[in-house]
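data30.pdb (PDB, C-alpha atoms, pLDDT in the B column) appears below.
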```
ATOM      1  CA  MET W   5      26.131  -2.360  10.825  1.00 95.00           C
ATOM      2  CA  LEU W   6      22.636  -1.638  12.099  1.00 96.00           C
ATOM      3  CA  GLY W   7      21.145   1.805  11.789  1.00 97.00           C
ATOM      4  CA  ASN W   8      18.134   4.052  11.403  1.00 98.00           C
ATOM      5  CA  LEU W   9      16.905   5.237   8.016  1.00 98.00           C
ATOM      6  CA  ASN W  10      16.562   9.002   7.708  1.00 98.00           C
ATOM      7  CA  SER W  11      13.361  10.566   6.349  1.00 98.00           C
ATOM      8  CA  LYS W  12      14.679  10.729   2.764  1.00 98.00           C
ATOM      9  CA  GLN W  13      15.650   7.050   2.877  1.00 98.00           C
ATOM     10  CA  ILE W  14      12.249   6.124   4.347  1.00 98.00           C
ATOM     11  CA  GLU W  15      10.484   7.986   1.528  1.00 98.00           C
ATOM     12  CA  HIS W  16      12.672   6.261  -1.066  1.00 98.00           C
ATOM     13  CA  VAL W  17      11.778   2.807   0.269  1.00 98.00           C
ATOM     14  CA  LEU W  18       8.041   3.607   0.377  1.00 98.00           C
ATOM     15  CA  HIS W  19       8.083   5.007  -3.184  1.00 97.00           C
ATOM     16  CA  SER W  20      10.149   2.174  -4.654  1.00 96.00           C
ATOM     17  CA  LEU W  21       8.010  -0.808  -3.623  1.00 97.00           C
ATOM     18  CA  ILE W  22       4.506  -2.030  -4.478  1.00 96.00           C
ATOM     19  CA  ILE W  23       4.011  -4.804  -1.905  1.00 97.00           C
ATOM     20  CA  GLY W  24       3.525  -3.934   1.754  1.00 98.00           C
ATOM     21  CA  ARG W  25       1.704  -5.258   4.802  1.00 98.00           C
ATOM     22  CA  ILE W  26      -1.186  -3.701   6.654  1.00 98.00           C
ATOM     23  CA  GLY W  27      -1.592  -4.463  10.344  1.00 98.00           C
ATOM     24  CA  CYS W  28      -5.041  -3.838  11.761  1.00 98.00           C
ATOM     25  CA  HIS W  29      -6.560  -4.550  15.159  1.00 98.00           C
ATOM     26  CA  THR W  30     -10.123  -4.740  16.438  1.00 97.00           C
ATOM     27  CA  ASP W  31     -12.185  -6.849  18.821  1.00 95.00           C
ATOM     28  CA  SER W  32      -9.021  -8.315  20.431  1.00 96.00           C
ATOM     29  CA  ILE W  33      -7.820  -9.647  17.045  1.00 96.00           C
ATOM     30  CA  THR W  34      -4.697  -8.465  15.236  1.00 98.00           C
ATOM     31  CA  TYR W  35      -4.455  -9.172  11.508  1.00 98.00           C
ATOM     32  CA  VAL W  36      -1.468  -8.559   9.223  1.00 98.00           C
ATOM     33  CA  VAL W  37      -1.968  -8.992   5.490  1.00 98.00           C
ATOM     34  CA  PRO W  38       0.112  -8.285   2.363  1.00 97.00           C
ATOM     35  CA  VAL W  39      -1.260  -5.733  -0.119  1.00 96.00           C
ATOM     36  CA  THR W  40      -0.325  -4.185  -3.433  1.00 95.00           C
ATOM     37  CA  TYR W  41      -0.012  -0.429  -2.966  1.00 97.00           C
ATOM     38  CA  ALA W  42       1.017   2.897  -4.429  1.00 97.00           C
ATOM     39  CA  TYR W  43       2.478   5.717  -2.353  1.00 98.00           C
ATOM     40  CA  ASP W  44       2.133   9.391  -3.306  1.00 97.00           C
ATOM     41  CA  GLY W  45       4.181  10.931  -0.496  1.00 97.00           C
ATOM     42  CA  THR W  46       1.230  11.270   1.872  1.00 97.00           C
ATOM     43  CA  TYR W  47      -1.087   8.318   1.307  1.00 98.00           C
ATOM     44  CA  VAL W  48      -0.792   4.615   0.602  1.00 98.00           C
ATOM     45  CA  TYR W  49      -3.490   3.674  -1.938  1.00 98.00           C
ATOM     46  CA  GLY W  50      -4.984   0.221  -2.311  1.00 97.00           C
ATOM     47  CA  HIS W  51      -7.805  -1.784  -3.813  1.00 95.00           C
ATOM     48  CA  THR W  52      -9.337  -4.974  -2.453  1.00 95.00           C
ATOM     49  CA  LYS W  53     -12.472  -7.066  -2.131  1.00 94.00           C
ATOM     50  CA  GLU W  54     -14.738  -6.957   0.893  1.00 95.00           C
ATOM     51  CA  GLY W  55     -13.325  -9.104   3.666  1.00 96.00           C
ATOM     52  CA  LEU W  56     -11.759  -9.284   7.105  1.00 96.00           C
ATOM     53  CA  LYS W  57      -9.153  -6.551   6.472  1.00 97.00           C
ATOM     54  CA  ILE W  58     -11.774  -4.030   5.333  1.00 98.00           C
ATOM     55  CA  ASP W  59     -14.202  -5.006   8.112  1.00 98.00           C
ATOM     56  CA  MET W  60     -11.488  -4.459  10.699  1.00 98.00           C
ATOM     57  CA  MET W  61     -10.266  -1.141   9.261  1.00 98.00           C
ATOM     58  CA  ARG W  62     -13.832   0.172   9.131  1.00 98.00           C
ATOM     59  CA  LYS W  63     -14.185  -0.609  12.838  1.00 98.00           C
ATOM     60  CA  ASN W  64     -10.753   0.748  13.780  1.00 98.00           C
ATOM     61  CA  PRO W  65      -9.166   2.950  11.096  1.00 98.00           C
ATOM     62  CA  MET W  66      -5.849   3.277  12.959  1.00 98.00           C
ATOM     63  CA  VAL W  67      -3.468   0.876  11.212  1.00 98.00           C
ATOM     64  CA  CYS W  68       0.185   0.012  10.834  1.00 98.00           C
ATOM     65  CA  PHE W  69       1.854  -0.292   7.425  1.00 98.00           C
ATOM     66  CA  GLU W  70       5.158  -2.106   6.818  1.00 98.00           C
ATOM     67  CA  VAL W  71       7.473  -2.639   3.856  1.00 98.00           C
ATOM     68  CA  ASP W  72      10.882  -4.201   3.572  1.00 97.00           C
ATOM     69  CA  VAL W  73      13.665  -4.804   1.099  1.00 97.00           C
ATOM     70  CA  ILE W  74      15.633  -7.949   1.902  1.00 96.00           C
ATOM     71  CA  GLU W  75      18.766  -8.795  -0.049  1.00 96.00           C
ATOM     72  CA  ASN W  76      19.862 -11.369   2.552  1.00 96.00           C
ATOM     73  CA  MET W  77      19.901 -11.773   6.337  1.00 94.00           C
ATOM     74  CA  SER W  78      22.644  -9.146   6.715  1.00 96.00           C
ATOM     75  CA  ASN W  79      21.458  -6.595   4.145  1.00 97.00           C
ATOM     76  CA  TRP W  80      17.946  -5.226   4.482  1.00 98.00           C
ATOM     77  CA  ARG W  81      15.845  -2.090   4.958  1.00 98.00           C
ATOM     78  CA  SER W  82      12.483  -1.935   6.724  1.00 98.00           C
ATOM     79  CA  VAL W  83       9.948   0.867   7.133  1.00 98.00           C
ATOM     80  CA  ILE W  84       7.066   0.864   9.586  1.00 98.00           C
ATOM     81  CA  ALA W  85       4.433   3.592   9.476  1.00 98.00           C
ATOM     82  CA  TRP W  86       1.268   4.320  11.419  1.00 98.00           C
ATOM     83  CA  GLY W  87      -1.723   5.910   9.806  1.00 98.00           C
ATOM     84  CA  GLU W  88      -5.438   6.154   9.329  1.00 98.00           C
ATOM     85  CA  PHE W  89      -7.559   4.155   6.868  1.00 98.00           C
ATOM     86  CA  GLU W  90     -10.036   6.038   4.705  1.00 98.00           C
ATOM     87  CA  GLU W  91     -12.424   4.350   2.277  1.00 98.00           C
ATOM     88  CA  LEU W  92     -12.821   6.202  -1.016  1.00 97.00           C
ATOM     89  CA  THR W  93     -16.507   6.036  -1.859  1.00 95.00           C
ATOM     90  CA  THR W  94     -17.444   8.731  -4.378  1.00 95.00           C
ATOM     91  CA  PRO W  95     -16.881   7.955  -8.065  1.00 93.00           C
ATOM     92  CA  GLU W  96     -14.322  10.766  -8.351  1.00 95.00           C
ATOM     93  CA  GLU W  97     -12.368   9.668  -5.238  1.00 95.00           C
ATOM     94  CA  ARG W  98     -12.354   6.073  -6.507  1.00 95.00           C
ATOM     95  CA  LYS W  99     -11.075   7.139  -9.936  1.00 94.00           C
ATOM     96  CA  VAL W 100      -8.277   9.217  -8.416  1.00 95.00           C
ATOM     97  CA  GLY W 101      -7.247   6.395  -6.066  1.00 95.00           C
ATOM     98  CA  MET W 102      -7.331   3.778  -8.811  1.00 94.00           C
ATOM     99  CA  ARG W 103      -5.427   6.017 -11.218  1.00 94.00           C
ATOM    100  CA  ILE W 104      -2.625   6.474  -8.675  1.00 95.00           C
ATOM    101  CA  LEU W 105      -2.557   2.743  -7.966  1.00 94.00           C
ATOM    102  CA  MET W 106      -2.653   1.678 -11.613  1.00 91.00           C
ATOM    103  CA  ASP W 107      -0.066   4.247 -12.721  1.00 92.00           C
ATOM    104  CA  THR W 108       2.321   2.701 -10.200  1.00 91.00           C
ATOM    105  CA  VAL W 109       1.511  -0.988 -10.651  1.00 86.00           C
ATOM    106  CA  MET W 110       0.707  -1.361 -14.364  1.00 79.00           C
ATOM    107  CA  PRO W 111       4.239  -0.627 -15.675  1.00 70.00           C
ATOM    108  CA  LEU W 112       5.472  -3.554 -13.592  1.00 69.00           C
ATOM    109  CA  MET W 113       2.853  -5.979 -14.952  1.00 65.00           C
ATOM    110  CA  THR W 114       4.654  -6.966 -18.131  1.00 59.00           C
ATOM    111  CA  GLY W 115       3.732 -10.584 -18.830  1.00 57.00           C
ATOM    112  CA  GLU W 116       0.561 -12.181 -20.117  1.00 54.00           C
ATOM    113  CA  THR W 117       0.172 -14.036 -16.838  1.00 50.00           C
ATOM    114  CA  THR W 118       0.341 -10.881 -14.728  1.00 50.00           C
ATOM    115  CA  ILE W 119      -2.247  -8.832 -16.624  1.00 49.00           C
ATOM    116  CA  SER W 120      -5.856  -9.913 -16.267  1.00 51.00           C
ATOM    117  CA  HIS W 121      -8.151  -9.694 -19.291  1.00 43.00           C
ATOM    118  CA  ALA W 122     -10.054  -6.743 -17.791  1.00 45.00           C
ATOM    119  CA  MET W 123      -6.846  -4.731 -17.494  1.00 46.00           C
ATOM    120  CA  ARG W 124      -6.089  -5.036 -21.226  1.00 45.00           C
ATOM    121  CA  ASP W 125      -8.784  -2.460 -22.044  1.00 47.00           C
ATOM    122  CA  SER W 126      -7.983   1.213 -21.997  1.00 47.00           C
ATOM    123  CA  HIS W 127      -6.733   2.603 -18.698  1.00 51.00           C
ATOM    124  CA  GLN W 128      -9.843   4.756 -18.146  1.00 52.00           C
ATOM    125  CA  LYS W 129     -12.341   1.938 -18.847  1.00 54.00           C
ATOM    126  CA  THR W 130     -10.516  -0.281 -16.370  1.00 55.00           C
ATOM    127  CA  ILE W 131     -10.692   2.343 -13.631  1.00 54.00           C
ATOM    128  CA  GLU W 132     -14.396   2.974 -14.200  1.00 54.00           C
ATOM    129  CA  ALA W 133     -15.201  -0.744 -14.258  1.00 55.00           C
ATOM    130  CA  MET W 134     -13.210  -1.590 -11.121  1.00 67.00           C
ATOM    131  CA  LYS W 135     -15.307  -3.118  -8.383  1.00 83.00           C
ATOM    132  CA  GLY W 136     -14.382  -3.655  -4.769  1.00 93.00           C
ATOM    133  CA  VAL W 137     -13.087  -1.270  -2.150  1.00 96.00           C
ATOM    134  CA  VAL W 138     -10.695   1.558  -3.001  1.00 96.00           C
ATOM    135  CA  TYR W 139      -8.946   3.008   0.031  1.00 98.00           C
ATOM    136  CA  ARG W 140      -6.059   5.087   1.202  1.00 98.00           C
ATOM    137  CA  ILE W 141      -4.071   5.275   4.403  1.00 98.00           C
ATOM    138  CA  LYS W 142      -2.645   8.607   5.512  1.00 98.00           C
ATOM    139  CA  LEU W 143       0.781   7.880   6.968  1.00 98.00           C
ATOM    140  CA  ASN W 144       1.199  10.058  10.057  1.00 98.00           C
ATOM    141  CA  GLU W 145       4.356   8.603  11.611  1.00 98.00           C
ATOM    142  CA  LYS W 146       7.198   6.664   9.959  1.00 98.00           C
ATOM    143  CA  THR W 147      10.317   4.933  11.153  1.00 98.00           C
ATOM    144  CA  GLY W 148      12.941   2.872   9.377  1.00 98.00           C
ATOM    145  CA  ARG W 149      15.834   0.580  10.159  1.00 98.00           C
ATOM    146  CA  TYR W 150      18.519  -1.112   8.131  1.00 98.00           C
ATOM    147  CA  GLU W 151      21.365  -3.573   8.344  1.00 97.00           C
ATOM    148  CA  LYS W 152      24.288  -3.445   5.925  1.00 96.00           C
ATOM    149  CA  THR W 153      27.434  -5.551   5.880  1.00 94.00           C
TER     150      THR W 153
END
```

Here is a file; write its structure as structure tokens.
Amino acid sequence: MLGNLNSKQIEHVLHSLIIGRIGCHTDSITYVVPVTYAYDGTYVYGHTKEGLKIDMMRKNPMVCFEVDVIENMSNWRSVIAWGEFEELTTPEERKVGMRILMDTVMPLMTGETTISHAMRDSHQKTIEAMKGVVYRIKLNEKTGRYEKT
């Protein structure tokens, strides 16, 4: 059976995952890239290095965000959302964004191989020392589909 996810189901999927894909478009180029994220009910938060994704979102902040849960070819859920990229630049904005991201991701990083040396320090020191780009995407429109056998 194919169907549409309702708003509560869409929110559940977005809250329950930490890997999604950002689709951005500028200068006649479309780029889709996987990201680690945290969702607070309004914004998707992320952290990355300078690169093509950030360059493109700075030029055109209107992006698409996608997540999916795939059990097998006949049992899956997918959410697609459209929103606007915003770079967090002040120290306070960066700390808030990183705190939301780390509070979501760190409990899932349980093994020695998944936790970098820098992340073994106290939570606050890690946030303050974090380099790179901290951003959020305000999700303005969301849709979801599923298939269940």

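Interatomic distance, atom CA of Arg25 of chain W against atom CA of Ser82 of chain W: 11.4 Å.
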
**Report entry** Reference answer for the PyMOL selection byres ((chain W and resi 47) around 9), as a ChimeraX atom specification
**Finding:** /W:42-46,48-49,87,140-143

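With only C-alpha atoms as the basis for measurement, W:Lys152 is the residue among W:Thr108, W:Leu6, W:Lys152, W:Lys99 that approaches Asn79 of chain W most closely.
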
Query raised in the report: Of the residues W:Val83, W:Ile104, W:Pro95, W:Val138, which is the one nearest to Lys12 of chain W, using all atoms listed in the file?
Result: W:Val83

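Proximity ranking of W:Asn8, W:Thr52, W:Thr153, W:Gln13 relative to Met102 of chain W places W:Thr52 first, based on all atoms listed in the file.
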
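Distance annotation: of W:Gly7, W:Gly136, W:Gly24, W:Pro38, the residue with the minimal separation from Val73 of chain W is W:Gly24; atom set is all atoms listed in the file.
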
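When atom CA of Glu70 of chain W is paired with atom CA of Met106 of chain W, their separation reads 20.4 Å.
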
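Our summary of the geometry notes that atom CA of Ser32 of chain W is positioned 26.4 Å from atom CA of Asp72 of chain W.
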
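Counting all atoms listed in the file and comparing W:Leu92, W:Leu21, W:Ile26, W:Val137, the residue that lies closest to Cys68 of chain W is W:Ile26.
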
**Report entry** Within 8 Å of Ile14 of chain W using all atoms listed in the file, minus same-chain residues under 3 positions, as a PyMOL selection string
**Finding:** chain W and resi 9-11+17-18+83+146-148

Filtering to C-alpha atoms, could you give me those residues as an mmCIF file, in the frame of the given file?
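For reference, out_12.cif as written:
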```cif
data_model
loop_
_atom_site.group_PDB
_atom_site.id
_atom_site.type_symbol
_atom_site.label_atom_id
_atom_site.label_comp_id
_atom_site.auth_asym_id
_atom_site.auth_seq_id
_atom_site.Cartn_x
_atom_site.Cartn_y
_atom_site.Cartn_z
ATOM 1 C CA LEU W 9 16.905 5.237 8.016
ATOM 2 C CA ASN W 10 16.562 9.002 7.708
ATOM 3 C CA SER W 11 13.361 10.566 6.349
ATOM 4 C CA VAL W 17 11.778 2.807 0.269
ATOM 5 C CA LEU W 18 8.041 3.607 0.377
ATOM 6 C CA VAL W 83 9.948 0.867 7.133
ATOM 7 C CA LYS W 146 7.198 6.664 9.959
ATOM 8 C CA THR W 147 10.317 4.933 11.153
ATOM 9 C CA GLY W 148 12.941 2.872 9.377
#
```

Requested in this report: With a distance cut-off of 9 Å and all atoms listed in the file, select the neighbouring residues of Arg62 of chain W, excluding the residue or stretch itself and same-chain residues fewer than 5 positions from it, and output the selection as a ChimeraX atom specification.
Outcome: /W:57,89-91

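Here the question is which of W:Ile58, W:Val100, W:Phe69, W:Val109 gets nearest to Thr40 of chain W using all atoms listed in the file, and that residue is W:Val109.
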
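Around the point (-11.6, -7.7, 7.1), within 12 Å and counting all atoms listed in the file, we find these residues: Ile26, Gly27, Cys28, His29, Thr30, Asp31, Ile33, Thr34, Tyr35, Val36, Val37, Thr52, Lys53, Glu54, Gly55, Leu56, Lys57, Ile58, Asp59, Met60, Met61, Arg62, Lys63, Asn64, Pro65 and Val137 of chain W.
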
Find the axis-aligned box for segment 31-45 of chain W, covering all its listed atoms and adding 8 Å on each side, and write its centre and edge lengths in Å to one decimal as JSON.
```
{"center_x": -4.0, "center_y": 0.6, "center_z": 8.0, "size_x": 32.4, "size_y": 36.6, "size_z": 40.9}
```
